[in-house]
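Dumped run-v9.txt below, it's compact mmCIF, C-alpha atoms:
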# COMPACT_ATOMS: atom_id res chain seq x y z
CA VAL A 156 0.00 0.00 0.00
CA PRO A 157 1.59 3.30 -1.03
CA GLU A 158 2.61 5.68 1.73
CA ARG A 159 0.38 8.73 1.81
CA PRO A 160 -0.78 11.42 4.21
CA THR A 161 -3.65 9.83 6.09
CA LEU A 162 -6.39 10.59 8.57
CA GLY A 163 -5.83 7.68 10.91
CA ASN A 164 -5.67 4.65 8.64
CA THR A 165 -8.27 5.36 5.96
CA ASP A 166 -8.56 3.68 2.57
CA TYR A 167 -7.20 5.32 -0.56
CA ALA A 168 -8.87 3.24 -3.29
CA PHE A 169 -12.19 1.73 -4.29
CA GLU A 170 -13.07 -0.99 -6.77
CA MET A 171 -16.19 -1.78 -8.77
CA ALA A 172 -17.57 -5.29 -8.97
CA ILE A 173 -20.88 -6.14 -10.64
CA SER A 174 -22.45 -9.13 -12.30
CA ASN A 175 -22.94 -9.24 -16.04
CA ILE A 176 -26.45 -7.96 -16.77
CA ARG A 177 -28.76 -8.82 -19.66
CA TYR A 178 -31.99 -6.88 -20.10
CA GLY A 179 -34.96 -7.35 -22.42
CA GLU A 180 -38.58 -8.47 -22.60
CA GLY A 181 -38.64 -12.25 -22.87
CA VAL A 182 -34.85 -12.63 -22.45
CA THR A 183 -35.46 -15.49 -19.95
CA LYS A 184 -35.82 -17.83 -22.93
CA GLU A 185 -32.05 -17.63 -23.44
CA ILE A 186 -31.18 -19.32 -20.11
CA GLY A 187 -31.02 -22.82 -21.57
CA MET A 188 -28.45 -21.62 -24.11
CA ASP A 189 -26.42 -19.89 -21.39
CA LEU A 190 -26.24 -23.13 -19.41
CA GLN A 191 -25.17 -25.01 -22.55
CA ASN A 192 -22.48 -22.37 -23.08
CA PHE A 193 -21.27 -22.94 -19.51
CA GLY A 194 -21.09 -26.67 -20.25
CA ALA A 195 -23.47 -27.31 -17.33
CA ARG A 196 -24.44 -30.94 -16.76
CA ARG A 197 -26.28 -30.78 -13.43
CA VAL A 198 -28.17 -27.57 -12.69
CA CYS A 199 -29.84 -26.51 -9.44
CA LEU A 200 -32.95 -24.36 -9.97
CA MET A 201 -33.97 -22.47 -6.83
CA THR A 202 -37.27 -20.66 -6.22
CA ASP A 203 -40.05 -20.46 -3.61
CA LYS A 204 -43.40 -22.24 -3.33
CA ASN A 205 -45.48 -19.26 -4.55
CA LEU A 206 -43.32 -18.55 -7.57
CA SER A 207 -43.05 -22.19 -8.61
CA GLN A 208 -46.62 -21.86 -9.94
CA LEU A 209 -46.12 -18.52 -11.72
CA PRO A 210 -45.02 -17.46 -15.26
CA PRO A 211 -41.36 -16.54 -14.43
CA VAL A 212 -40.51 -20.09 -13.28
CA ASN A 213 -42.50 -21.49 -16.19
CA ALA A 214 -40.44 -19.45 -18.64
CA VAL A 215 -37.22 -20.84 -17.13
CA LEU A 216 -38.52 -24.43 -17.15
CA ASN A 217 -39.52 -24.09 -20.83
CA SER A 218 -36.01 -22.90 -21.73
CA LEU A 219 -34.33 -25.70 -19.75
CA ALA A 220 -36.56 -28.27 -21.45
CA LYS A 221 -35.98 -26.81 -24.93
CA TYR A 222 -32.20 -27.03 -24.57
CA GLY A 223 -32.18 -30.41 -22.80
CA ILE A 224 -30.72 -29.12 -19.52
CA ASN A 225 -30.58 -31.68 -16.70
CA PHE A 226 -31.76 -29.95 -13.50
CA GLN A 227 -33.21 -30.45 -10.05
CA MET A 228 -35.62 -27.92 -8.54
CA TYR A 229 -35.51 -26.65 -4.96
CA ASP A 230 -38.68 -24.65 -4.25
CA ASN A 231 -38.42 -24.54 -0.46
CA VAL A 232 -36.79 -21.10 -0.19
CA ARG A 233 -38.23 -19.09 2.71
CA VAL A 234 -39.36 -15.51 2.07
CA GLU A 235 -37.04 -13.51 4.37
CA PRO A 236 -34.60 -16.43 4.88
CA THR A 237 -33.23 -17.63 8.23
CA ASP A 238 -29.98 -19.39 9.08
CA GLN A 239 -31.95 -22.66 9.12
CA SER A 240 -33.56 -22.07 5.72
CA PHE A 241 -30.09 -21.27 4.30
CA LEU A 242 -28.75 -24.50 5.83
CA ASP A 243 -31.59 -26.54 4.29
CA ALA A 244 -30.78 -25.15 0.83
CA ILE A 245 -27.05 -25.73 1.41
CA THR A 246 -27.71 -29.40 2.29
CA PHE A 247 -29.69 -29.80 -0.96
CA ALA A 248 -26.86 -28.17 -2.95
CA LYS A 249 -24.16 -30.34 -1.38
CA LYS A 250 -26.08 -33.55 -2.10
CA GLY A 251 -26.80 -32.53 -5.69
CA GLU A 252 -23.17 -31.89 -6.67
CA PHE A 253 -24.34 -29.24 -9.14
CA ASP A 254 -22.10 -27.49 -11.63
CA ALA A 255 -24.38 -24.44 -12.15
CA TYR A 256 -27.21 -22.63 -10.35
CA VAL A 257 -30.29 -20.69 -11.47
CA ALA A 258 -32.20 -18.53 -8.95
CA VAL A 259 -35.69 -17.33 -9.93
CA GLY A 260 -37.30 -14.97 -7.45
CA GLY A 261 -36.81 -11.94 -5.27
CA GLY A 262 -33.84 -11.22 -3.03
CA SER A 263 -34.73 -14.10 -0.69
CA VAL A 264 -34.32 -16.68 -3.45
CA ILE A 265 -31.23 -15.13 -5.02
CA ASP A 266 -29.51 -14.71 -1.63
CA THR A 267 -30.34 -18.30 -0.64
CA CYS A 268 -28.88 -19.56 -3.92
CA LYS A 269 -25.67 -17.53 -3.39
CA ALA A 270 -25.24 -19.14 0.03
CA ALA A 271 -25.95 -22.64 -1.35
CA ASN A 272 -23.37 -22.14 -4.10
CA LEU A 273 -20.78 -20.83 -1.63
CA TYR A 274 -21.01 -23.62 0.97
CA ALA A 275 -21.41 -26.41 -1.59
CA SER A 276 -18.19 -25.08 -3.20
CA SER A 277 -16.48 -24.97 0.22
CA PRO A 278 -17.91 -28.12 1.84
CA THR A 279 -15.56 -28.26 4.82
CA SER A 280 -16.31 -24.67 5.94
CA ASP A 281 -18.35 -24.03 9.05
CA PHE A 282 -21.48 -21.92 8.43
CA LEU A 283 -20.17 -19.03 10.55
CA ASP A 284 -16.85 -18.89 8.67
CA TYR A 285 -18.22 -16.56 5.99
CA VAL A 286 -20.94 -14.79 7.99
CA ASN A 287 -20.18 -11.11 8.61
CA ALA A 288 -18.26 -10.22 11.76
CA PRO A 289 -18.93 -9.70 14.64
CA ILE A 290 -21.65 -12.39 14.43
CA GLY A 291 -19.56 -14.71 12.24
CA LYS A 292 -15.88 -14.87 11.38
CA GLY A 293 -16.15 -12.85 8.14
CA LYS A 294 -13.42 -14.87 6.39
CA PRO A 295 -12.55 -13.90 2.79
CA VAL A 296 -13.89 -16.30 0.16
CA THR A 297 -10.97 -17.88 -1.68
CA VAL A 298 -12.65 -20.99 -3.19
CA PRO A 299 -13.90 -20.93 -6.82
CA LEU A 300 -17.71 -20.93 -7.08
CA LYS A 301 -19.97 -22.41 -9.77
CA PRO A 302 -21.75 -20.18 -12.32
CA LEU A 303 -24.99 -18.68 -10.96
CA ILE A 304 -27.67 -17.06 -13.14
CA ALA A 305 -30.09 -14.83 -11.20
CA VAL A 306 -33.54 -14.04 -12.59
CA PRO A 307 -35.13 -11.35 -10.38
CA THR A 308 -38.94 -11.32 -10.22
CA THR A 309 -39.23 -8.28 -7.94
CA SER A 310 -37.88 -4.77 -8.40
CA GLY A 311 -36.11 -4.19 -5.14
CA THR A 312 -33.06 -5.92 -3.79
CA GLY A 313 -30.73 -5.60 -6.76
CA SER A 314 -29.42 -8.97 -5.53
CA GLU A 315 -28.73 -10.02 -9.13
CA THR A 316 -25.80 -7.56 -9.19
CA THR A 317 -24.35 -7.83 -5.66
CA GLY A 318 -22.09 -10.04 -3.57
CA VAL A 319 -24.36 -9.94 -0.51
CA ALA A 320 -26.71 -12.57 0.99
CA ILE A 321 -28.90 -11.56 3.95
CA PHE A 322 -30.68 -13.84 6.46
CA ASP A 323 -32.32 -13.83 9.91
CA PHE A 324 -30.10 -15.33 12.61
CA LYS A 325 -32.90 -16.82 14.71
CA GLU A 326 -30.94 -17.46 17.91
CA LEU A 327 -29.92 -13.79 18.18
CA LYS A 328 -33.17 -12.47 16.62
CA VAL A 329 -31.16 -10.33 14.25
CA LYS A 330 -30.52 -10.14 10.53
CA THR A 331 -26.99 -10.47 9.25
CA GLY A 332 -25.43 -11.85 6.10
CA ILE A 333 -22.48 -12.82 3.97
CA ALA A 334 -20.71 -10.12 1.94
CA SER A 335 -18.09 -11.00 -0.65
CA ARG A 336 -17.57 -10.08 -4.29
CA ALA A 337 -16.95 -13.80 -4.89
CA ILE A 338 -20.62 -14.73 -4.37
CA LYS A 339 -22.16 -12.28 -6.84
CA PRO A 340 -24.09 -13.96 -9.68
CA THR A 341 -22.29 -14.64 -12.93
CA LEU A 342 -25.22 -13.22 -14.88
CA GLY A 343 -28.37 -11.29 -13.98
CA ILE A 344 -31.28 -11.82 -16.40
CA ILE A 345 -33.52 -8.75 -16.08
CA ASP A 346 -36.77 -9.59 -17.88
CA PRO A 347 -39.44 -6.94 -17.27
CA LEU A 348 -42.20 -9.42 -18.16
CA HIS A 349 -41.63 -11.00 -14.74
CA THR A 350 -42.74 -7.86 -12.89
CA LEU A 351 -46.25 -8.06 -14.34
CA SER A 352 -47.26 -10.82 -11.90
CA MET A 353 -46.25 -8.74 -8.82
CA PRO A 354 -49.13 -7.64 -6.50
CA GLU A 355 -49.41 -3.98 -5.47
CA ARG A 356 -47.82 -4.14 -2.00
CA ILE A 357 -44.91 -6.24 -3.21
CA VAL A 358 -44.25 -3.60 -5.89
CA ALA A 359 -44.40 -0.91 -3.19
CA ASN A 360 -42.20 -2.60 -0.59
CA SER A 361 -39.59 -3.71 -3.10
CA GLY A 362 -39.59 -0.19 -4.55
CA PHE A 363 -38.88 1.26 -1.10
CA ASP A 364 -35.77 -0.92 -0.97
CA VAL A 365 -34.57 0.64 -4.25
CA LEU A 366 -35.32 4.11 -2.83
CA CYS A 367 -33.24 3.49 0.31
CA HIS A 368 -30.43 1.73 -1.56
CA ALA A 369 -30.04 4.86 -3.68
CA LEU A 370 -30.36 7.36 -0.81
CA GLU A 371 -28.08 5.50 1.59
CA SER A 372 -25.31 4.76 -0.90
CA TYR A 373 -25.32 8.38 -2.14
CA THR A 374 -25.08 9.78 1.41
CA ALA A 375 -22.71 7.10 2.79
CA LEU A 376 -19.31 7.91 4.25
CA PRO A 377 -16.88 8.57 1.34
CA TYR A 378 -14.64 5.61 0.53
CA ASN A 379 -11.46 7.54 1.40
CA MET A 380 -12.73 8.23 4.93
CA ARG A 381 -13.48 4.57 5.69
CA SER A 382 -11.03 2.79 7.95
CA PRO A 383 -9.10 0.61 8.31
CA CYS A 384 -7.24 0.59 5.01
CA PRO A 385 -6.95 -3.10 4.06
CA SER A 386 -3.50 -4.63 4.21
CA ASN A 387 -4.42 -6.82 1.21
CA PRO A 388 -6.97 -6.06 -1.54
CA VAL A 389 -8.82 -9.32 -0.78
CA SER A 390 -9.81 -7.72 2.53
CA ARG A 391 -11.29 -4.55 0.99
CA PRO A 392 -15.00 -4.82 1.87
CA ALA A 393 -17.71 -5.03 -0.78
CA TYR A 394 -19.32 -2.04 0.98
CA GLN A 395 -16.60 0.59 0.59
CA GLY A 396 -18.37 3.94 1.09
CA SER A 397 -19.69 6.37 -1.50
CA ASN A 398 -17.47 6.84 -4.52
CA PRO A 399 -17.66 8.67 -7.85
CA ILE A 400 -18.90 5.62 -9.80
CA SER A 401 -21.54 4.39 -7.33
CA ASP A 402 -22.82 8.00 -7.07
CA VAL A 403 -23.77 7.94 -10.75
CA TRP A 404 -25.82 4.75 -10.37
CA ALA A 405 -27.46 5.87 -7.10
CA LEU A 406 -28.60 9.22 -8.48
CA HIS A 407 -29.93 7.67 -11.66
CA ALA A 408 -31.87 5.05 -9.68
CA LEU A 409 -33.33 7.80 -7.48
CA ARG A 410 -34.57 9.72 -10.54
CA VAL A 411 -36.23 6.58 -11.94
CA VAL A 412 -37.92 5.89 -8.57
CA ALA A 413 -39.21 9.47 -8.43
CA LYS A 414 -40.68 9.18 -11.92
CA TYR A 415 -42.03 5.62 -11.99
CA LEU A 416 -42.58 4.04 -8.54
CA LYS A 417 -46.03 5.50 -7.85
CA ARG A 418 -47.15 4.59 -11.37
CA ALA A 419 -45.84 1.02 -11.03
CA ILE A 420 -47.72 0.55 -7.75
CA ARG A 421 -51.02 2.08 -8.85
CA ASP A 422 -51.38 0.47 -12.27
CA PRO A 423 -50.27 -3.14 -12.76
CA GLU A 424 -50.80 -2.68 -16.53
CA ASP A 425 -48.29 0.20 -16.72
CA ARG A 426 -45.57 -1.79 -18.43
CA GLU A 427 -43.30 1.22 -18.91
CA ALA A 428 -43.29 1.98 -15.17
CA ARG A 429 -42.78 -1.63 -14.12
CA ALA A 430 -39.98 -2.17 -16.65
CA ASN A 431 -38.20 0.98 -15.50
CA MET A 432 -38.47 0.00 -11.82
CA HIS A 433 -37.00 -3.41 -12.70
CA LEU A 434 -33.98 -1.66 -14.19
CA ALA A 435 -33.80 0.85 -11.31
CA SER A 436 -33.42 -2.07 -8.92
CA ALA A 437 -30.28 -3.16 -10.80
CA PHE A 438 -28.98 0.43 -11.07
CA ALA A 439 -29.31 0.93 -7.32
CA GLY A 440 -27.81 -2.54 -6.78
CA ILE A 441 -24.68 -1.52 -8.67
CA GLY A 442 -24.50 1.65 -6.56
CA PHE A 443 -25.02 0.17 -3.10
CA GLY A 444 -23.32 -3.13 -3.97
CA ASN A 445 -20.08 -1.16 -4.11
CA ALA A 446 -20.74 1.85 -1.84
CA GLY A 447 -22.85 0.11 0.81
CA VAL A 448 -25.87 1.25 2.78
CA HIS A 449 -25.99 2.67 6.31
CA LEU A 450 -28.51 3.38 9.06
CA CYS A 451 -31.87 2.63 7.40
CA HIS A 452 -30.59 -0.86 6.60
CA GLY A 453 -28.68 -1.34 9.85
CA MET A 454 -31.80 -0.46 11.87
CA SER A 455 -34.10 -2.50 9.61
CA TYR A 456 -32.52 -5.82 10.51
CA PRO A 457 -33.87 -5.97 14.09
CA VAL A 458 -37.21 -4.52 12.87
CA SER A 459 -37.51 -7.63 10.65
CA GLY A 460 -35.90 -10.01 13.11
CA LEU A 461 -38.08 -9.12 16.14
CA VAL A 462 -41.41 -9.15 14.26
CA LYS A 463 -44.30 -10.30 16.46
CA THR A 464 -47.58 -10.81 14.61
CA TYR A 465 -47.45 -8.50 11.58
CA LYS A 466 -48.51 -10.08 8.28
CA PRO A 467 -48.40 -7.79 5.26
CA LYS A 468 -51.09 -7.57 2.59
CA ASP A 469 -50.33 -9.41 -0.71
CA TYR A 470 -47.69 -11.76 0.83
CA ASN A 471 -48.79 -15.38 0.83
CA VAL A 472 -46.75 -16.58 3.84
CA ASP A 473 -47.47 -18.73 6.89
CA HIS A 474 -45.25 -16.76 9.28
CA SER A 475 -45.15 -13.22 10.66
CA LEU A 476 -43.10 -11.01 8.38
CA VAL A 477 -42.04 -7.40 7.92
CA PRO A 478 -41.08 -7.12 4.23
CA HIS A 479 -37.49 -5.94 3.92
CA GLY A 480 -38.26 -2.75 1.97
CA LEU A 481 -40.90 -1.73 4.51
CA SER A 482 -38.57 -2.34 7.47
CA VAL A 483 -35.98 -0.12 5.78
CA VAL A 484 -38.16 2.79 4.70
CA LEU A 485 -40.02 3.32 8.00
CA THR A 486 -36.90 4.79 9.63
CA SER A 487 -35.82 6.82 6.59
CA PRO A 488 -37.30 10.23 7.56
CA ALA A 489 -35.64 10.09 11.00
CA VAL A 490 -32.36 8.76 9.63
CA PHE A 491 -31.86 11.41 6.96
CA ALA A 492 -32.86 14.21 9.33
CA PHE A 493 -30.01 12.87 11.52
CA THR A 494 -27.33 12.29 8.86
CA ALA A 495 -27.85 15.55 6.94
CA GLN A 496 -25.46 17.46 9.23
CA ILE A 497 -22.75 15.81 7.11
CA ARG A 498 -22.89 16.53 3.36
CA PRO A 499 -26.20 18.43 3.59
CA GLU A 500 -25.95 19.38 -0.10
CA ARG A 501 -26.41 15.69 -1.05
CA HIS A 502 -29.50 15.43 1.15
CA LEU A 503 -30.97 18.56 -0.49
CA GLU A 504 -30.23 17.20 -3.96
CA ALA A 505 -32.04 13.95 -3.08
CA ALA A 506 -35.04 15.91 -1.71
CA GLU A 507 -35.27 17.89 -4.95
CA ILE A 508 -35.16 14.73 -7.10
CA LEU A 509 -38.01 13.27 -5.02
CA GLY A 510 -40.16 16.36 -5.58
CA GLY A 511 -39.22 18.52 -2.59
CA ASP A 512 -39.23 22.30 -3.03
CA ILE A 513 -35.72 23.54 -2.24
CA ARG A 514 -35.92 26.97 -3.92
CA THR A 515 -35.77 28.89 -0.64
CA ALA A 516 -34.04 26.14 1.35
CA SER A 517 -31.23 26.85 3.74
CA ILE A 518 -28.45 24.24 3.75
CA LYS A 519 -28.95 23.72 7.50
CA ASP A 520 -32.55 22.58 6.86
CA ALA A 521 -31.51 19.86 4.39
CA GLY A 522 -32.38 16.98 6.74
CA PHE A 523 -35.84 18.27 7.63
CA ILE A 524 -36.65 18.95 3.97
CA LEU A 525 -35.61 15.44 2.89
CA ALA A 526 -37.49 13.90 5.85
CA ASP A 527 -40.68 15.82 4.99
CA THR A 528 -40.34 14.90 1.31
CA LEU A 529 -40.04 11.21 2.26
CA ARG A 530 -43.04 11.39 4.62
CA LYS A 531 -45.21 12.89 1.89
CA PHE A 532 -43.99 10.25 -0.58
CA LEU A 533 -44.88 7.43 1.86
CA PHE A 534 -48.22 8.96 2.87
CA ASP A 535 -49.26 9.15 -0.80
CA LEU A 536 -48.57 5.41 -1.07
CA ASN A 537 -50.58 4.34 2.03
CA VAL A 538 -47.53 3.15 3.95
CA ASP A 539 -48.11 2.00 7.55
CA ASP A 540 -47.80 4.90 10.00
CA GLY A 541 -44.42 4.08 11.48
CA LEU A 542 -43.08 1.23 13.61
CA ALA A 543 -46.07 1.42 15.96
CA ALA A 544 -48.36 0.42 13.08
CA ILE A 545 -46.44 -2.84 12.54
CA GLY A 546 -46.55 -3.86 16.19
CA TYR A 547 -43.70 -2.04 18.00
CA SER A 548 -43.86 0.28 21.01
CA LYS A 549 -41.39 2.34 23.04
CA ALA A 550 -40.87 -0.70 25.26
CA ASP A 551 -39.22 -2.46 22.28
CA ILE A 552 -36.62 0.26 21.66
CA PRO A 553 -33.83 -1.26 23.84
CA ALA A 554 -34.15 -4.58 21.95
CA LEU A 555 -34.19 -2.78 18.59
CA VAL A 556 -31.04 -0.85 19.53
CA LYS A 557 -29.35 -4.05 20.74
CA GLY A 558 -30.14 -5.68 17.38
CA THR A 559 -28.67 -2.72 15.48
CA LEU A 560 -25.33 -2.67 17.32
CA PRO A 561 -23.85 -5.79 15.62
CA GLN A 562 -24.61 -4.30 12.15
CA GLU A 563 -21.30 -2.45 12.03
CA ARG A 564 -20.66 -3.49 8.43
CA VAL A 565 -23.33 -0.93 7.47
CA THR A 566 -23.77 1.39 10.46
CA LYS A 567 -20.10 2.44 10.26
CA LEU A 568 -20.82 3.74 6.76
CA SER A 569 -23.20 6.35 8.15
CA PRO A 570 -21.70 9.77 7.39
CA ARG A 571 -22.47 10.74 11.00
CA PRO A 572 -21.32 8.42 13.82
CA GLN A 573 -24.06 7.39 16.24
CA THR A 574 -24.27 6.44 19.91
CA GLU A 575 -26.75 4.03 21.49
CA GLU A 576 -28.70 7.11 22.65
CA ASP A 577 -28.83 8.38 19.05
CA LEU A 578 -30.19 5.02 17.87
CA SER A 579 -32.84 5.06 20.62
CA ALA A 580 -33.93 8.53 19.53
CA LEU A 581 -34.09 7.45 15.88
CA PHE A 582 -36.29 4.45 16.70
CA GLU A 583 -38.51 6.63 18.88
CA ALA A 584 -38.87 9.21 16.11
CA SER A 585 -39.84 6.38 13.72
CA MET A 586 -42.70 5.03 15.85
CA LYS A 587 -45.10 7.41 14.09
CA LEU A 588 -44.49 9.00 10.68
CA TYR A 589 -47.43 11.29 9.93

Will you turn the file into structure tokens for me?
Amino acid sequence: VPERPTLGNTDYAFEMAISNIRYGEGVTKEIGMDLQNFGARRVCLMTDKNLSQLPPVNAVLNSLAKYGINFQMYDNVRVEPTDQSFLDAITFAKKGEFDAYVAVGGGSVIDTCKAANLYASSPTSDFLDYVNAPIGKGKPVTVPLKPLIAVPTTSGTGSETTGVAIFDFKELKVKTGIASRAIKPTLGIIDPLHTLSMPERIVANSGFDVLCHALESYTALPYNMRSPCPSNPVSRPAYQGSNPISDVWALHALRVVAKYLKRAIRDPEDREARANMHLASAFAGIGFGNAGVHLCHGMSYPVSGLVKTYKPKDYNVDHSLVPHGLSVVLTSPAVFAFTAQIRPERHLEAAEILGGDIRTASIKDAGFILADTLRKFLFDLNVDDGLAAIGYSKADIPALVKGTLPQERVTKLSPRPQTEEDLSALFEASMKLY
């Protein structure tokens, strides 16, 4: 590492890693040819029970049949995966001895497939070896993985472009994950036809994930202020802090969300809006997959992990569930009011893109303006009125804070450092939005 003047031991470089992306209506039909081109002989197709009956999986099955691809299907992926549901998929992958993977679904399916590919390729590793520190050991991935084609059916996680796999760690009641460039899909197939079967609330909640991916990566700590500087490039984290390339993707995704999200939610026949949100998910994925996210995501993990009885509309599940995008967006007004002390001009720019009036704005009001703009945006879309509306009360705040503290991989990318008291205040401010 070159010697340079340094603030403490901060990084001096960033790198971009994304999956190959292919976009087009009906492009799913090419998957069978891709697998032939990989020379795949035994393919694992992963999806969930709901999707296994829907057109996206059908399109994949037709292509596999047409090109004579030998495959086994695993349709037991859990929506919002847990450590146990990951382990079940990993067991299936190890037994199958597959030489390629196809994931058809939202972030839950794609993340589960990444984990299955990783541990089947590294069969002697303990599960916690690759899980993010401080919950796991956070070891770098040095084994070669098999090709993985991701076919997203929601417009939210951007998981088809990233090296991140998120799950609920049941014992600790907290979400964590695995983050390594090595686990990113080989190819993301972005076929806007698949978004036409998405119900309204799934469109909304996945769209909120895109919104927060863009906002958080654009306002994250700059890459050259992140410490420590890695002693070896293999140790440079996937989430590096905001940088000039991720900024471009984040801002573009934000503009697409501002223009198309409401249309995509309100009119399932609006193909232009749904196709653009499908692309925005990948744009934001490229941005945050390299810059990272910060407090909205860090605080969302215990909101999902400690869920009591909440069951969202339009989700056909047999367990309580706070959809990921909803758990992220409910804290966003409070978070950006808090972080705007640092780089307020970026917060104002985001507010303007989302329709806020900044003509007479003072730079010191940037956080309040962005928070108000977000509240109005969420109110227009009938979003639950804060954490209280999904079953939380002030009595839950200590547990929510405790669940946020291990999320240092993301919370340390907040442009403004935070204490436990700050986190308590942010959760309290998020109990009610309107």

Skipping near chain neighbours, those fewer than 4 positions away, what residues fall within 10 Å of Ile552 of chain A using all atoms listed in the file, listed as a ChimeraX atom specification? /A:547-548,556-558,578-583,586

Nearby residues (all atoms listed in the file) at most 9 Å from Ala393 of chain A, same-chain spacing under 2 positions excluded, as a PyMOL selection string: chain A and resi 170-172+317-319+334-336+390-391+395+444-447

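Minimum distance to Val358 of chain A across A:Pro377, A:Pro478, A:Pro392, A:Gly181 (counting only C-alpha atoms) occurs at A:Pro478.
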
Give the answer as one residue: which of A:Ser475, A:Arg426, A:Gly511, A:Leu348 has the shortest atom-to-atom distance to Gly179 of chain A, using all atoms listed in the file?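 Between A:Ser475, A:Arg426, A:Gly511, A:Leu348, the residue approaching Gly179 of chain A most closely is A:Leu348.
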
Which residues are close to Gln496 of chain A, i.e. within 9 Å by only C-alpha atoms, leaving aside same-chain residues fewer than 6 positions away? Reply as a list in words.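 Near neighbours after the sequence-gap exclusion: Lys519, Ala521, Gly522, Pro570 and Arg571 of chain A.
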
Now that the selection is made, can you save its residues with C-alpha atoms as a PDB file, in the frame of the given file?
ATOM      1  CA  LYS A 519     -28.950  23.720   7.500  1.00  0.00           C
ATOM      2  CA  ALA A 521     -31.510  19.860   4.390  1.00  0.00           C
ATOM      3  CA  GLY A 522     -32.380  16.980   6.740  1.00  0.00           C
ATOM      4  CA  PRO A 570     -21.700   9.770   7.390  1.00  0.00           C
ATOM      5  CA  ARG A 571     -22.470  10.740  11.000  1.00  0.00           C
TER       6      ARG A 571
END

Nearest to Asn231 of chain A, chosen from A:Asn213, A:Ser207, A:Thr515, A:Ser397, with all atoms listed in the file counted in the distances: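 Of A:Asn213, A:Ser207, A:Thr515, A:Ser397, the one nearest Asn231 of chain A, counting all atoms listed in the file, is A:Ser207.
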
Between A:Leu588, A:Arg514, A:Asp551, A:Phe193, which residue has the minimum interatomic distance to Phe532 of chain A, considering all atoms listed in the file?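 Of the candidates, the smallest distance to Phe532 of chain A is held by A:Leu588.
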
Between atom CA of Val232 of chain A and atom CA of Met201 of chain A - distance in Å to one decimal: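 Computing the Euclidean distance for atom CA of Met201 of chain A and atom CA of Val232 of chain A yields 7.3 Å.
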
Emit as AutoDock Vina command-line options the padded axis-aligned box for all listed atoms of segment 342-359 of chain A, 4 Å per side, with centre and edge lengths in Å to one decimal.
--center_x -37.3 --center_y -7.1 --center_z -10.1 --size_x 32.2 --size_y 20.3 --size_z 24.2
